[in-house]
$ cat work35.cif   # mmCIF, C-alpha atoms
data_input
loop_
_atom_site.group_PDB
_atom_site.id
_atom_site.type_symbol
_atom_site.label_atom_id
_atom_site.label_comp_id
_atom_site.auth_asym_id
_atom_site.auth_seq_id
_atom_site.Cartn_x
_atom_site.Cartn_y
_atom_site.Cartn_z
ATOM 1 C CA MET A 70 -112.774 73.238 -188.883
ATOM 2 C CA ALA A 71 -110.648 74.223 -185.904
ATOM 3 C CA THR A 72 -107.111 72.879 -185.852
ATOM 4 C CA PRO A 73 -105.987 72.479 -182.239
ATOM 5 C CA SER A 74 -102.469 73.445 -181.232
ATOM 6 C CA PRO A 75 -100.564 70.565 -179.674
ATOM 7 C CA ALA A 76 -99.180 70.334 -176.189
ATOM 8 C CA THR A 77 -95.569 69.153 -176.194
ATOM 9 C CA TYR A 78 -94.179 66.701 -173.644
ATOM 10 C CA CYS A 79 -90.828 65.015 -173.099
ATOM 11 C CA PHE A 80 -91.618 61.303 -172.960
ATOM 12 C CA LYS A 81 -88.062 60.147 -172.286
ATOM 13 C CA THR A 82 -84.477 61.349 -171.917
ATOM 14 C CA VAL A 83 -81.494 59.324 -173.111
ATOM 15 C CA ASP A 84 -77.972 60.407 -172.135
ATOM 16 C CA GLY A 85 -79.198 63.955 -171.660
ATOM 17 C CA LEU A 86 -81.123 64.029 -174.964
ATOM 18 C CA PRO A 87 -84.836 64.805 -174.484
ATOM 19 C CA ILE A 88 -87.259 63.128 -176.876
ATOM 20 C CA HIS A 89 -90.621 64.817 -177.325
ATOM 21 C CA ALA A 90 -94.167 64.108 -178.414
ATOM 22 C CA ASP A 91 -96.885 66.506 -179.554
ATOM 23 C CA VAL A 92 -100.378 65.698 -178.298
ATOM 24 C CA PHE A 93 -103.409 66.987 -180.201
ATOM 25 C CA LEU A 94 -106.790 66.890 -178.444
ATOM 26 C CA PRO A 95 -110.220 68.053 -179.569
ATOM 27 C CA THR A 96 -111.018 71.633 -178.615
ATOM 28 C CA SER A 97 -114.509 70.547 -177.562
ATOM 29 C CA THR A 98 -115.093 68.272 -174.602
ATOM 30 C CA SER A 99 -116.149 64.678 -175.047
ATOM 31 C CA THR A 100 -118.394 62.548 -172.880
ATOM 32 C CA HIS A 101 -116.296 59.491 -173.716
ATOM 33 C CA SER A 102 -112.615 58.729 -173.228
ATOM 34 C CA LEU A 103 -110.694 59.417 -176.424
ATOM 35 C CA PRO A 104 -108.945 56.666 -178.379
ATOM 36 C CA VAL A 105 -105.316 57.383 -179.300
ATOM 37 C CA LEU A 106 -103.534 57.445 -182.655
ATOM 38 C CA LEU A 107 -99.758 57.339 -182.124
ATOM 39 C CA TRP A 108 -97.992 58.596 -185.252
ATOM 40 C CA TRP A 109 -94.390 58.311 -186.493
ATOM 41 C CA HIS A 110 -92.851 60.738 -188.979
ATOM 42 C CA GLY A 111 -90.928 59.849 -192.135
ATOM 43 C CA GLY A 112 -87.479 60.760 -193.387
ATOM 44 C CA GLY A 113 -85.892 57.338 -193.766
ATOM 45 C CA LEU A 114 -85.261 57.243 -189.977
ATOM 46 C CA LEU A 115 -82.444 59.640 -190.907
ATOM 47 C CA MET A 116 -84.075 63.059 -190.749
ATOM 48 C CA SER A 117 -87.225 65.124 -190.133
ATOM 49 C CA SER A 118 -89.285 65.409 -186.933
ATOM 50 C CA ARG A 119 -92.649 65.053 -185.212
ATOM 51 C CA ALA A 120 -93.697 68.426 -186.691
ATOM 52 C CA THR A 121 -93.772 67.022 -190.224
ATOM 53 C CA ILE A 122 -97.241 65.529 -190.350
ATOM 54 C CA GLY A 123 -99.907 66.016 -192.979
ATOM 55 C CA PRO A 124 -102.522 68.732 -192.405
ATOM 56 C CA HIS A 125 -105.241 66.058 -192.148
ATOM 57 C CA LEU A 126 -103.572 64.682 -189.002
ATOM 58 C CA ARG A 127 -103.679 68.103 -187.368
ATOM 59 C CA ARG A 128 -107.429 68.191 -188.020
ATOM 60 C CA ALA A 129 -108.108 64.592 -187.008
ATOM 61 C CA ALA A 130 -108.325 65.191 -183.256
ATOM 62 C CA GLU A 131 -111.216 67.603 -183.642
ATOM 63 C CA LYS A 132 -112.842 65.948 -186.639
ATOM 64 C CA TYR A 133 -112.860 62.401 -185.294
ATOM 65 C CA LYS A 134 -112.727 63.038 -181.546
ATOM 66 C CA MET A 135 -109.492 61.229 -180.865
ATOM 67 C CA ALA A 136 -106.126 62.037 -179.347
ATOM 68 C CA VAL A 137 -103.330 62.251 -181.930
ATOM 69 C CA VAL A 138 -99.781 61.847 -180.635
ATOM 70 C CA SER A 139 -96.904 62.657 -183.001
ATOM 71 C CA ALA A 140 -93.625 61.463 -181.504
ATOM 72 C CA ASP A 141 -89.950 61.989 -182.216
ATOM 73 C CA TYR A 142 -87.322 59.263 -182.068
ATOM 74 C CA ARG A 143 -83.558 59.149 -182.238
ATOM 75 C CA LEU A 144 -82.229 59.335 -185.777
ATOM 76 C CA ALA A 145 -79.937 56.954 -187.621
ATOM 77 C CA PRO A 146 -77.124 56.389 -188.317
ATOM 78 C CA GLN A 147 -75.972 57.733 -184.944
ATOM 79 C CA ALA A 148 -78.793 55.736 -183.338
ATOM 80 C CA PRO A 149 -79.205 52.361 -185.086
ATOM 81 C CA ILE A 150 -82.675 50.996 -185.563
ATOM 82 C CA PRO A 151 -82.722 48.830 -182.401
ATOM 83 C CA GLN A 152 -82.353 52.052 -180.399
ATOM 84 C CA ILE A 153 -85.057 53.710 -182.492
ATOM 85 C CA MET A 154 -87.370 50.816 -181.673
ATOM 86 C CA GLU A 155 -86.612 51.371 -177.985
ATOM 87 C CA ASP A 156 -88.036 54.862 -178.470
ATOM 88 C CA VAL A 157 -91.095 53.427 -180.233
ATOM 89 C CA ARG A 158 -91.776 51.038 -177.355
ATOM 90 C CA ASP A 159 -91.114 53.733 -174.752
ATOM 91 C CA ALA A 160 -93.450 56.173 -176.481
ATOM 92 C CA ALA A 161 -96.241 53.586 -176.520
ATOM 93 C CA SER A 162 -95.616 52.831 -172.828
ATOM 94 C CA TRP A 163 -95.687 56.555 -172.037
ATOM 95 C CA VAL A 164 -98.998 56.970 -173.853
ATOM 96 C CA ARG A 165 -100.483 54.025 -172.000
ATOM 97 C CA ASP A 166 -98.998 54.516 -168.540
ATOM 98 C CA LYS A 167 -98.182 58.210 -168.111
ATOM 99 C CA LEU A 168 -100.289 60.308 -170.463
ATOM 100 C CA PRO A 169 -103.644 59.462 -168.808
ATOM 101 C CA GLY A 170 -102.366 60.941 -165.553
ATOM 102 C CA ILE A 171 -100.982 63.998 -167.297
ATOM 103 C CA LEU A 172 -104.209 64.773 -169.144
ATOM 104 C CA GLY A 173 -106.586 63.896 -166.334
ATOM 105 C CA GLU A 174 -108.773 60.972 -165.456
ATOM 106 C CA GLY A 175 -110.943 59.703 -168.279
ATOM 107 C CA VAL A 176 -109.621 62.011 -171.020
ATOM 108 C CA ILE A 177 -108.049 59.215 -173.070
ATOM 109 C CA ASP A 178 -108.548 55.468 -173.264
ATOM 110 C CA PRO A 179 -105.017 54.056 -173.644
ATOM 111 C CA ALA A 180 -106.418 50.579 -174.252
ATOM 112 C CA ARG A 181 -107.668 51.846 -177.615
ATOM 113 C CA LEU A 182 -104.306 52.543 -179.249
ATOM 114 C CA ILE A 183 -103.651 52.484 -182.982
ATOM 115 C CA VAL A 184 -100.177 53.170 -184.370
ATOM 116 C CA GLY A 185 -99.470 54.760 -187.719
ATOM 117 C CA GLY A 186 -96.904 56.594 -189.737
ATOM 118 C CA HIS A 187 -95.848 57.775 -193.148
ATOM 119 C CA SER A 188 -92.847 56.506 -195.123
ATOM 120 C CA ALA A 189 -90.194 55.453 -192.578
ATOM 121 C CA GLY A 190 -92.763 56.184 -189.874
ATOM 122 C CA GLY A 191 -95.008 53.637 -191.548
ATOM 123 C CA TYR A 192 -92.107 51.212 -191.233
ATOM 124 C CA LEU A 193 -91.960 51.879 -187.478
ATOM 125 C CA ALA A 194 -95.713 51.388 -187.229
ATOM 126 C CA LEU A 195 -95.415 48.024 -188.980
ATOM 127 C CA LEU A 196 -92.487 47.008 -186.759
ATOM 128 C CA SER A 197 -94.675 47.874 -183.764
ATOM 129 C CA ALA A 198 -96.677 44.749 -184.607
ATOM 130 C CA SER A 199 -93.654 42.452 -184.264
ATOM 131 C CA PRO A 200 -93.980 39.967 -181.382
ATOM 132 C CA LYS A 201 -90.191 40.181 -180.891
ATOM 133 C CA ILE A 202 -89.294 43.887 -181.241
ATOM 134 C CA GLY A 203 -92.702 45.588 -181.239
ATOM 135 C CA ILE A 204 -94.889 47.107 -178.544
ATOM 136 C CA THR A 205 -96.614 45.044 -175.861
ATOM 137 C CA PRO A 206 -99.522 44.590 -175.860
ATOM 138 C CA PRO A 207 -99.787 45.096 -179.611
ATOM 139 C CA PRO A 208 -101.836 47.994 -180.985
ATOM 140 C CA LYS A 209 -105.458 47.571 -181.974
ATOM 141 C CA ALA A 210 -104.502 48.242 -185.596
ATOM 142 C CA VAL A 211 -101.739 49.646 -187.802
ATOM 143 C CA VAL A 212 -101.959 52.269 -190.544
ATOM 144 C CA ALA A 213 -99.040 52.852 -192.919
ATOM 145 C CA LEU A 214 -98.829 55.516 -195.617
ATOM 146 C CA TYR A 215 -96.421 54.681 -198.478
ATOM 147 C CA PRO A 216 -94.237 52.768 -196.010
ATOM 148 C CA ILE A 217 -90.729 51.431 -196.161
ATOM 149 C CA THR A 218 -91.069 47.706 -195.468
ATOM 150 C CA ASN A 219 -87.698 46.180 -196.337
ATOM 151 C CA PRO A 220 -84.293 47.925 -196.365
ATOM 152 C CA ARG A 221 -83.075 44.988 -198.461
ATOM 153 C CA GLY A 222 -85.682 45.474 -201.174
ATOM 154 C CA PRO A 223 -84.538 46.444 -204.690
ATOM 155 C CA PHE A 224 -85.534 50.095 -204.313
ATOM 156 C CA PHE A 225 -83.033 50.502 -201.475
ATOM 157 C CA THR A 226 -80.276 48.216 -202.748
ATOM 158 C CA THR A 227 -79.967 49.715 -206.228
ATOM 159 C CA ALA A 228 -77.952 52.941 -206.448
ATOM 160 C CA GLN A 229 -79.937 55.646 -208.261
ATOM 161 C CA ARG A 230 -77.784 58.210 -210.046
ATOM 162 C CA PRO A 231 -79.181 60.749 -210.370
ATOM 163 C CA VAL A 232 -82.030 60.441 -207.893
ATOM 164 C CA SER A 233 -85.379 61.194 -209.493
ATOM 165 C CA GLY A 234 -86.495 64.759 -208.851
ATOM 166 C CA ILE A 235 -83.149 66.402 -208.080
ATOM 167 C CA PRO A 236 -82.881 69.528 -210.274
ATOM 168 C CA ASN A 237 -80.380 69.373 -213.139
ATOM 169 C CA ASP A 238 -79.604 65.720 -212.386
ATOM 170 C CA ARG A 239 -77.166 66.818 -209.718
ATOM 171 C CA ILE A 240 -75.155 64.165 -207.905
ATOM 172 C CA ILE A 241 -74.940 64.777 -204.147
ATOM 173 C CA ALA A 242 -71.296 64.781 -203.099
ATOM 174 C CA HIS A 243 -70.143 62.593 -200.244
ATOM 175 C CA GLU A 244 -68.451 65.611 -198.678
ATOM 176 C CA GLU A 245 -71.829 67.321 -198.300
ATOM 177 C CA MET A 246 -73.236 64.437 -196.268
ATOM 178 C CA ALA A 247 -70.140 63.206 -194.420
ATOM 179 C CA ARG A 248 -70.946 64.950 -191.144
ATOM 180 C CA HIS A 249 -74.456 63.513 -191.163
ATOM 181 C CA ILE A 250 -73.435 59.902 -191.764
ATOM 182 C CA ASP A 251 -70.557 59.972 -189.288
ATOM 183 C CA PRO A 252 -71.632 57.388 -186.676
ATOM 184 C CA SER A 253 -69.730 59.283 -183.976
ATOM 185 C CA ALA A 254 -71.615 62.547 -184.564
ATOM 186 C CA ALA A 255 -74.093 63.788 -181.972
ATOM 187 C CA ILE A 256 -77.346 61.851 -181.763
ATOM 188 C CA LEU A 257 -80.424 63.839 -182.809
ATOM 189 C CA SER A 258 -84.102 63.362 -182.069
ATOM 190 C CA GLY A 259 -85.507 65.268 -185.005
ATOM 191 C CA SER A 260 -84.005 67.541 -187.643
ATOM 192 C CA THR A 261 -85.350 70.626 -189.387
ATOM 193 C CA PRO A 262 -86.440 71.697 -191.918
ATOM 194 C CA PRO A 263 -88.139 68.487 -193.024
ATOM 195 C CA CYS A 264 -86.986 67.082 -196.328
ATOM 196 C CA PHE A 265 -87.876 67.638 -199.954
ATOM 197 C CA PRO A 266 -88.642 69.693 -202.015
ATOM 198 C CA PRO A 267 -85.766 72.230 -201.985
ATOM 199 C CA PRO A 268 -84.512 74.395 -200.444
ATOM 200 C CA HIS A 269 -82.736 71.956 -198.173
ATOM 201 C CA GLY A 270 -81.361 72.589 -194.735
ATOM 202 C CA ASP A 271 -80.018 70.480 -191.901
ATOM 203 C CA ARG A 272 -79.882 66.877 -193.166
ATOM 204 C CA GLY A 273 -82.246 67.984 -195.913
ATOM 205 C CA GLU A 274 -80.643 65.808 -198.603
ATOM 206 C CA LEU A 275 -79.574 62.877 -196.474
ATOM 207 C CA TYR A 276 -82.474 60.689 -197.585
ATOM 208 C CA LEU A 277 -81.786 61.499 -201.226
ATOM 209 C CA TYR A 278 -78.091 60.731 -200.745
ATOM 210 C CA MET A 279 -79.023 57.409 -199.153
ATOM 211 C CA VAL A 280 -81.134 56.526 -202.209
ATOM 212 C CA GLN A 281 -78.386 57.705 -204.552
ATOM 213 C CA GLU A 282 -75.806 55.445 -202.883
ATOM 214 C CA ALA A 283 -78.156 52.580 -201.790
ATOM 215 C CA LEU A 284 -77.094 52.971 -198.150
ATOM 216 C CA LEU A 285 -80.284 52.346 -196.169
ATOM 217 C CA GLU A 286 -79.310 49.013 -194.612
ATOM 218 C CA LYS A 287 -75.821 50.268 -193.723
ATOM 219 C CA LEU A 288 -77.130 53.469 -192.134
ATOM 220 C CA LEU A 289 -79.855 51.718 -190.134
ATOM 221 C CA PHE A 290 -78.006 48.590 -189.042
ATOM 222 C CA GLY A 291 -74.283 49.241 -189.347
ATOM 223 C CA LYS A 292 -72.556 45.853 -189.198
ATOM 224 C CA ALA A 293 -75.456 43.974 -187.631
ATOM 225 C CA PRO A 294 -75.606 40.254 -188.510
ATOM 226 C CA ASP A 295 -78.073 39.085 -191.124
ATOM 227 C CA ALA A 296 -80.254 37.372 -188.529
ATOM 228 C CA GLU A 297 -80.836 40.673 -186.728
ATOM 229 C CA VAL A 298 -81.718 42.512 -189.943
ATOM 230 C CA GLU A 299 -84.289 39.828 -190.736
ATOM 231 C CA ASP A 300 -86.112 40.727 -187.498
ATOM 232 C CA TYR A 301 -86.832 44.143 -189.018
ATOM 233 C CA ILE A 302 -88.564 42.957 -192.185
ATOM 234 C CA PRO A 303 -92.339 42.839 -191.486
ATOM 235 C CA ALA A 304 -93.017 40.236 -194.180
ATOM 236 C CA LYS A 305 -90.814 37.837 -192.203
ATOM 237 C CA PHE A 306 -92.799 38.039 -188.955
ATOM 238 C CA TRP A 307 -96.360 38.776 -190.058
ATOM 239 C CA SER A 308 -98.859 36.180 -188.909
ATOM 240 C CA LYS A 309 -102.565 35.572 -188.818
ATOM 241 C CA ALA A 310 -102.559 37.045 -185.302
ATOM 242 C CA SER A 311 -101.012 40.362 -186.404
ATOM 243 C CA PRO A 312 -103.155 43.484 -185.949
ATOM 244 C CA PRO A 313 -105.503 44.607 -188.724
ATOM 245 C CA THR A 314 -103.466 46.759 -191.105
ATOM 246 C CA TRP A 315 -104.228 49.500 -193.621
ATOM 247 C CA ILE A 316 -101.593 50.289 -196.265
ATOM 248 C CA TYR A 317 -101.751 53.048 -198.875
ATOM 249 C CA HIS A 318 -99.151 53.471 -201.628
ATOM 250 C CA GLY A 319 -98.908 55.433 -204.867
ATOM 251 C CA GLN A 320 -98.116 53.599 -208.079
ATOM 252 C CA VAL A 321 -95.354 55.995 -209.124
ATOM 253 C CA ASP A 322 -93.845 56.848 -205.744
ATOM 254 C CA ASN A 323 -90.254 57.891 -206.473
ATOM 255 C CA ARG A 324 -89.113 58.014 -202.843
ATOM 256 C CA VAL A 325 -90.303 54.574 -201.671
ATOM 257 C CA GLY A 326 -91.062 52.204 -204.531
ATOM 258 C CA ILE A 327 -94.506 50.610 -204.425
ATOM 259 C CA GLU A 328 -92.949 47.128 -204.510
ATOM 260 C CA GLN A 329 -92.117 47.724 -200.849
ATOM 261 C CA SER A 330 -95.831 47.581 -200.020
ATOM 262 C CA LEU A 331 -96.738 44.978 -202.637
ATOM 263 C CA THR A 332 -94.289 42.452 -201.173
ATOM 264 C CA LEU A 333 -95.632 42.923 -197.654
ATOM 265 C CA VAL A 334 -99.258 42.784 -198.789
ATOM 266 C CA GLN A 335 -98.587 39.449 -200.474
ATOM 267 C CA ALA A 336 -97.080 38.120 -197.231
ATOM 268 C CA ILE A 337 -100.127 39.333 -195.299
ATOM 269 C CA LYS A 338 -102.406 37.602 -197.803
ATOM 270 C CA ASP A 339 -100.406 34.395 -197.515
ATOM 271 C CA VAL A 340 -100.888 34.152 -193.750
ATOM 272 C CA GLY A 341 -104.547 35.214 -193.847
ATOM 273 C CA ALA A 342 -104.211 38.281 -191.623
ATOM 274 C CA PRO A 343 -106.743 41.134 -191.869
ATOM 275 C CA TYR A 344 -105.699 44.079 -194.045
ATOM 276 C CA VAL A 345 -106.798 46.799 -196.437
ATOM 277 C CA PHE A 346 -104.487 47.847 -199.265
ATOM 278 C CA GLU A 347 -105.078 50.801 -201.550
ATOM 279 C CA GLU A 348 -102.867 51.156 -204.607
ATOM 280 C CA ILE A 349 -103.249 54.752 -205.691
ATOM 281 C CA PRO A 350 -103.031 55.817 -209.354
ATOM 282 C CA ARG A 351 -102.017 59.259 -210.567
ATOM 283 C CA PRO A 352 -102.313 62.073 -209.535
ATOM 284 C CA LYS A 353 -102.343 60.946 -205.868
ATOM 285 C CA ALA A 354 -99.375 58.710 -206.434
ATOM 286 C CA GLN A 355 -96.339 60.645 -205.264
ATOM 287 C CA HIS A 356 -94.579 60.495 -201.941
ATOM 288 C CA LEU A 357 -95.865 62.918 -199.290
ATOM 289 C CA PHE A 358 -98.847 63.896 -201.451
ATOM 290 C CA ASP A 359 -100.939 64.324 -198.313
ATOM 291 C CA HIS A 360 -98.416 66.823 -196.921
ATOM 292 C CA PHE A 361 -98.462 69.020 -200.000
ATOM 293 C CA ASP A 362 -102.249 69.090 -200.485
ATOM 294 C CA PRO A 363 -103.901 70.869 -197.541
ATOM 295 C CA ALA A 364 -107.316 69.717 -198.734
ATOM 296 C CA GLU A 365 -106.436 66.005 -198.611
ATOM 297 C CA GLU A 366 -108.532 64.241 -195.973
ATOM 298 C CA LEU A 367 -107.497 60.586 -196.415
ATOM 299 C CA GLU A 368 -111.039 59.578 -195.587
ATOM 300 C CA SER A 369 -110.442 55.874 -196.220
ATOM 301 C CA MET A 370 -107.661 55.798 -193.617
ATOM 302 C CA TYR A 371 -109.842 57.438 -190.996
ATOM 303 C CA ALA A 372 -112.757 55.142 -191.854
ATOM 304 C CA PHE A 373 -110.451 52.197 -191.093
ATOM 305 C CA ILE A 374 -109.265 53.856 -187.867
ATOM 306 C CA LYS A 375 -112.812 54.611 -186.742
ATOM 307 C CA GLN A 376 -113.825 51.015 -187.402
ATOM 308 C CA HIS A 377 -111.092 49.684 -185.137
ATOM 309 C CA PHE A 378 -111.641 52.384 -182.522
ATOM 310 C CA ASP A 379 -115.359 51.491 -182.516
ATOM 311 C CA ILE A 380 -116.323 55.140 -183.018
#
$ encode --input "work35.cif" --output "structure tokens"
Amino acid sequence: MATPSPATYCFKTVDGLPIHADVFLPTSTSTHSLPVLLWWHGGGLLMSSRATIGPHLRRAAEKYKMAVVSADYRLAPQAPIPQIMEDVRDAASWVRDKLPGILGEGVIDPARLIVGGHSAGGYLALLSASPKIGITPPPKAVVALYPITNPRGPFFTTAQRPVSGIPNDRIIAHEEMARHIDPSAAILSGSTPPCFPPPHGDRGELYLYMVQEALLEKLLFGKAPDAEVEDYIPAKFWSKASPPTWIYHGQVDNRVGIEQSLTLVQAIKDVGAPYVFEEIPRPKAQHLFDHFDPAEELESMYAFIKQHFDI
């Protein structure tokens, strides 16, 4: 199947820093306006970029006749999560208000918008549903692959030394990461190369260092008061009116523990909101499995998306 090359656009500029989005469209014309899947990349909100999406997402535009938008955002800790959520809201507004004019009349249907993401991007997708800090109007649905859901959960508040998967049980030295966690360092909107496995490059071990030292809340929120942090825990704001949600998590994920999803799913159950949860056994249980397997199609995710796109 043909894999279209994306067109890249700057959807906003902040203090001279351009923030970009890649837009994938089907190579064949459609008689109907295309629904839009807006996708957020992972990396703990600390690293990586819009280019790091699974191969299935690059095929989805052609295969399912939709527009796929993969967007960057400013990275923590130099940009705390409230600023990152500004980028999330601005990207959704750009897709709805500006992209139709850029692409031409009738190419996309911005009213049919679903948001999704993997890992930390799944976290942003879930936060998009918040009535307080999310996007307005809310998306038609949310899809989240092995998402972070709570920076105060045990996976992120328990120092892991050594971090699972680091060769030779190496401990990452603070000196190696100091320039990346310096809050006064230059703000980035994307870093390359992506993340694990080795070899590592720019910020390549920052996520692993965060896990090693249990720093996620500090790096995302700085000294924010507890009440503000609570706004960024989806289980705290989910309601029966929240968008339909699909969550997929591996049982032995060593980069985002499955309890992150299990806790949120229980909260969704408790309020009676619509959802689909898939708990994946081995071998499709590790973080980023869909990135490393070019044949992975994630058919259940796209079946959910198609249902809520009415296609």
$ residues_around --input "work35.cif" --residues "stretch 314-326 of chain A" --least-positions-apart "4" --cutoff "6 Å" --atoms "all atoms listed in the file" --output "ChimeraX atom specification"
/A:210-215,224,344-350,354-356
$ residues_around --input "work35.cif" --residues "A:Phe290" --least-positions-apart "5" --cutoff "9 Å" --atoms "all atoms listed in the file" --output "ChimeraX atom specification"
/A:145-146,149-151,285,297-298
$ residues_around --input "work35.cif" --residues "stretch 90-101 of chain A" --least-positions-apart "2" --cutoff "7 Å" --atoms "all atoms listed in the file" --output "number ranges by chain"
A: 73-80, 103, 130-131, 134-141
$ atom_distance --input "work35.cif" --atom1 "atom CA of A:Arg181" --atom2 "atom CA of A:Pro208"
7.8 Å
$ residues_around --input "work35.cif" --residues "A:Ala242" --least-positions-apart "4" --cutoff "10 Å" --atoms "only C-alpha atoms" --output "MDAnalysis selection string"
chainID A and resid 246:247 278
$ resolve_selection --input "work35.cif" --expression "the PyMOL selection byres ((chain A and resi 371) around 12)" --output "PDB file with C-alpha atoms, in the frame of the given file"
ATOM      1  CA  LEU A 106    -103.534  57.445-182.655  1.00  0.00           C
ATOM      2  CA  HIS A 125    -105.241  66.058-192.148  1.00  0.00           C
ATOM      3  CA  LEU A 126    -103.572  64.682-189.002  1.00  0.00           C
ATOM      4  CA  ARG A 128    -107.429  68.191-188.020  1.00  0.00           C
ATOM      5  CA  ALA A 129    -108.108  64.592-187.008  1.00  0.00           C
ATOM      6  CA  ALA A 130    -108.325  65.191-183.256  1.00  0.00           C
ATOM      7  CA  LYS A 132    -112.842  65.948-186.639  1.00  0.00           C
ATOM      8  CA  TYR A 133    -112.860  62.401-185.294  1.00  0.00           C
ATOM      9  CA  LYS A 134    -112.727  63.038-181.546  1.00  0.00           C
ATOM     10  CA  MET A 135    -109.492  61.229-180.865  1.00  0.00           C
ATOM     11  CA  ILE A 183    -103.651  52.484-182.982  1.00  0.00           C
ATOM     12  CA  GLY A 185     -99.470  54.760-187.719  1.00  0.00           C
ATOM     13  CA  ALA A 210    -104.502  48.242-185.596  1.00  0.00           C
ATOM     14  CA  VAL A 211    -101.739  49.646-187.802  1.00  0.00           C
ATOM     15  CA  VAL A 212    -101.959  52.269-190.544  1.00  0.00           C
ATOM     16  CA  ALA A 213     -99.040  52.852-192.919  1.00  0.00           C
ATOM     17  CA  TRP A 315    -104.228  49.500-193.621  1.00  0.00           C
ATOM     18  CA  GLU A 365    -106.436  66.005-198.611  1.00  0.00           C
ATOM     19  CA  GLU A 366    -108.532  64.241-195.973  1.00  0.00           C
ATOM     20  CA  LEU A 367    -107.497  60.586-196.415  1.00  0.00           C
ATOM     21  CA  GLU A 368    -111.039  59.578-195.587  1.00  0.00           C
ATOM     22  CA  SER A 369    -110.442  55.874-196.220  1.00  0.00           C
ATOM     23  CA  MET A 370    -107.661  55.798-193.617  1.00  0.00           C
ATOM     24  CA  ALA A 372    -112.757  55.142-191.854  1.00  0.00           C
ATOM     25  CA  PHE A 373    -110.451  52.197-191.093  1.00  0.00           C
ATOM     26  CA  ILE A 374    -109.265  53.856-187.867  1.00  0.00           C
ATOM     27  CA  LYS A 375    -112.812  54.611-186.742  1.00  0.00           C
ATOM     28  CA  GLN A 376    -113.825  51.015-187.402  1.00  0.00           C
ATOM     29  CA  HIS A 377    -111.092  49.684-185.137  1.00  0.00           C
ATOM     30  CA  PHE A 378    -111.641  52.384-182.522  1.00  0.00           C
ATOM     31  CA  ASP A 379    -115.359  51.491-182.516  1.00  0.00           C
ATOM     32  CA  ILE A 380    -116.323  55.140-183.018  1.00  0.00           C
TER      33      ILE A 380
END
$ residues_around --input "work35.cif" --residues "A:Pro223" --least-positions-apart "5" --cutoff "10 Å" --atoms "all atoms listed in the file" --output "PyMOL selection string"
chain A and resi 228+283+326+328-329
$ closest_residue --input "work35.cif" --among "A:Phe361, A:Trp163, A:Trp108, A:Trp307" --to "A:Thr218" --atoms "only C-alpha atoms"
A:Trp307
$ closest_residue --input "work35.cif" --among "A:Ser308, A:Ser258, A:Thr226, A:Ser102" --to "A:Ile177" --atoms "only C-alpha atoms"
A:Ser102
$ resolve_selection --input "work35.cif" --expression "the PyMOL selection byres ((chain A and resi 153-162) around 9)" --output "NGL selection string"
:A and (80-81 or 88 or 90 or 107 or 109 or 114 or 140-145 or 148-152 or 163-167 or 182 or 184 or 193-194 or 196-197 or 202-205)
$ write_last_selection --input "work35.cif" --atoms "C-alpha atoms" --output "JSON list (two decimals), keeping the file's coordinate frame"
[["chain", "number", "residue", "atom", "x", "y", "z"],
["A", 80, "PHE", "CA", -91.62, 61.30, -172.96],
["A", 81, "LYS", "CA", -88.06, 60.15, -172.29],
["A", 88, "ILE", "CA", -87.26, 63.13, -176.88],
["A", 90, "ALA", "CA", -94.17, 64.11, -178.41],
["A", 107, "LEU", "CA", -99.76, 57.34, -182.12],
["A", 109, "TRP", "CA", -94.39, 58.31, -186.49],
["A", 114, "LEU", "CA", -85.26, 57.24, -189.98],
["A", 140, "ALA", "CA", -93.62, 61.46, -181.50],
["A", 141, "ASP", "CA", -89.95, 61.99, -182.22],
["A", 142, "TYR", "CA", -87.32, 59.26, -182.07],
["A", 143, "ARG", "CA", -83.56, 59.15, -182.24],
["A", 144, "LEU", "CA", -82.23, 59.34, -185.78],
["A", 145, "ALA", "CA", -79.94, 56.95, -187.62],
["A", 148, "ALA", "CA", -78.79, 55.74, -183.34],
["A", 149, "PRO", "CA", -79.20, 52.36, -185.09],
["A", 150, "ILE", "CA", -82.68, 51.00, -185.56],
["A", 151, "PRO", "CA", -82.72, 48.83, -182.40],
["A", 152, "GLN", "CA", -82.35, 52.05, -180.40],
["A", 163, "TRP", "CA", -95.69, 56.56, -172.04],
["A", 164, "VAL", "CA", -99.00, 56.97, -173.85],
["A", 165, "ARG", "CA", -100.48, 54.02, -172.00],
["A", 166, "ASP", "CA", -99.00, 54.52, -168.54],
["A", 167, "LYS", "CA", -98.18, 58.21, -168.11],
["A", 182, "LEU", "CA", -104.31, 52.54, -179.25],
["A", 184, "VAL", "CA", -100.18, 53.17, -184.37],
["A", 193, "LEU", "CA", -91.96, 51.88, -187.48],
["A", 194, "ALA", "CA", -95.71, 51.39, -187.23],
["A", 196, "LEU", "CA", -92.49, 47.01, -186.76],
["A", 197, "SER", "CA", -94.68, 47.87, -183.76],
["A", 202, "ILE", "CA", -89.29, 43.89, -181.24],
["A", 203, "GLY", "CA", -92.70, 45.59, -181.24],
["A", 204, "ILE", "CA", -94.89, 47.11, -178.54],
["A", 205, "THR", "CA", -96.61, 45.04, -175.86]]
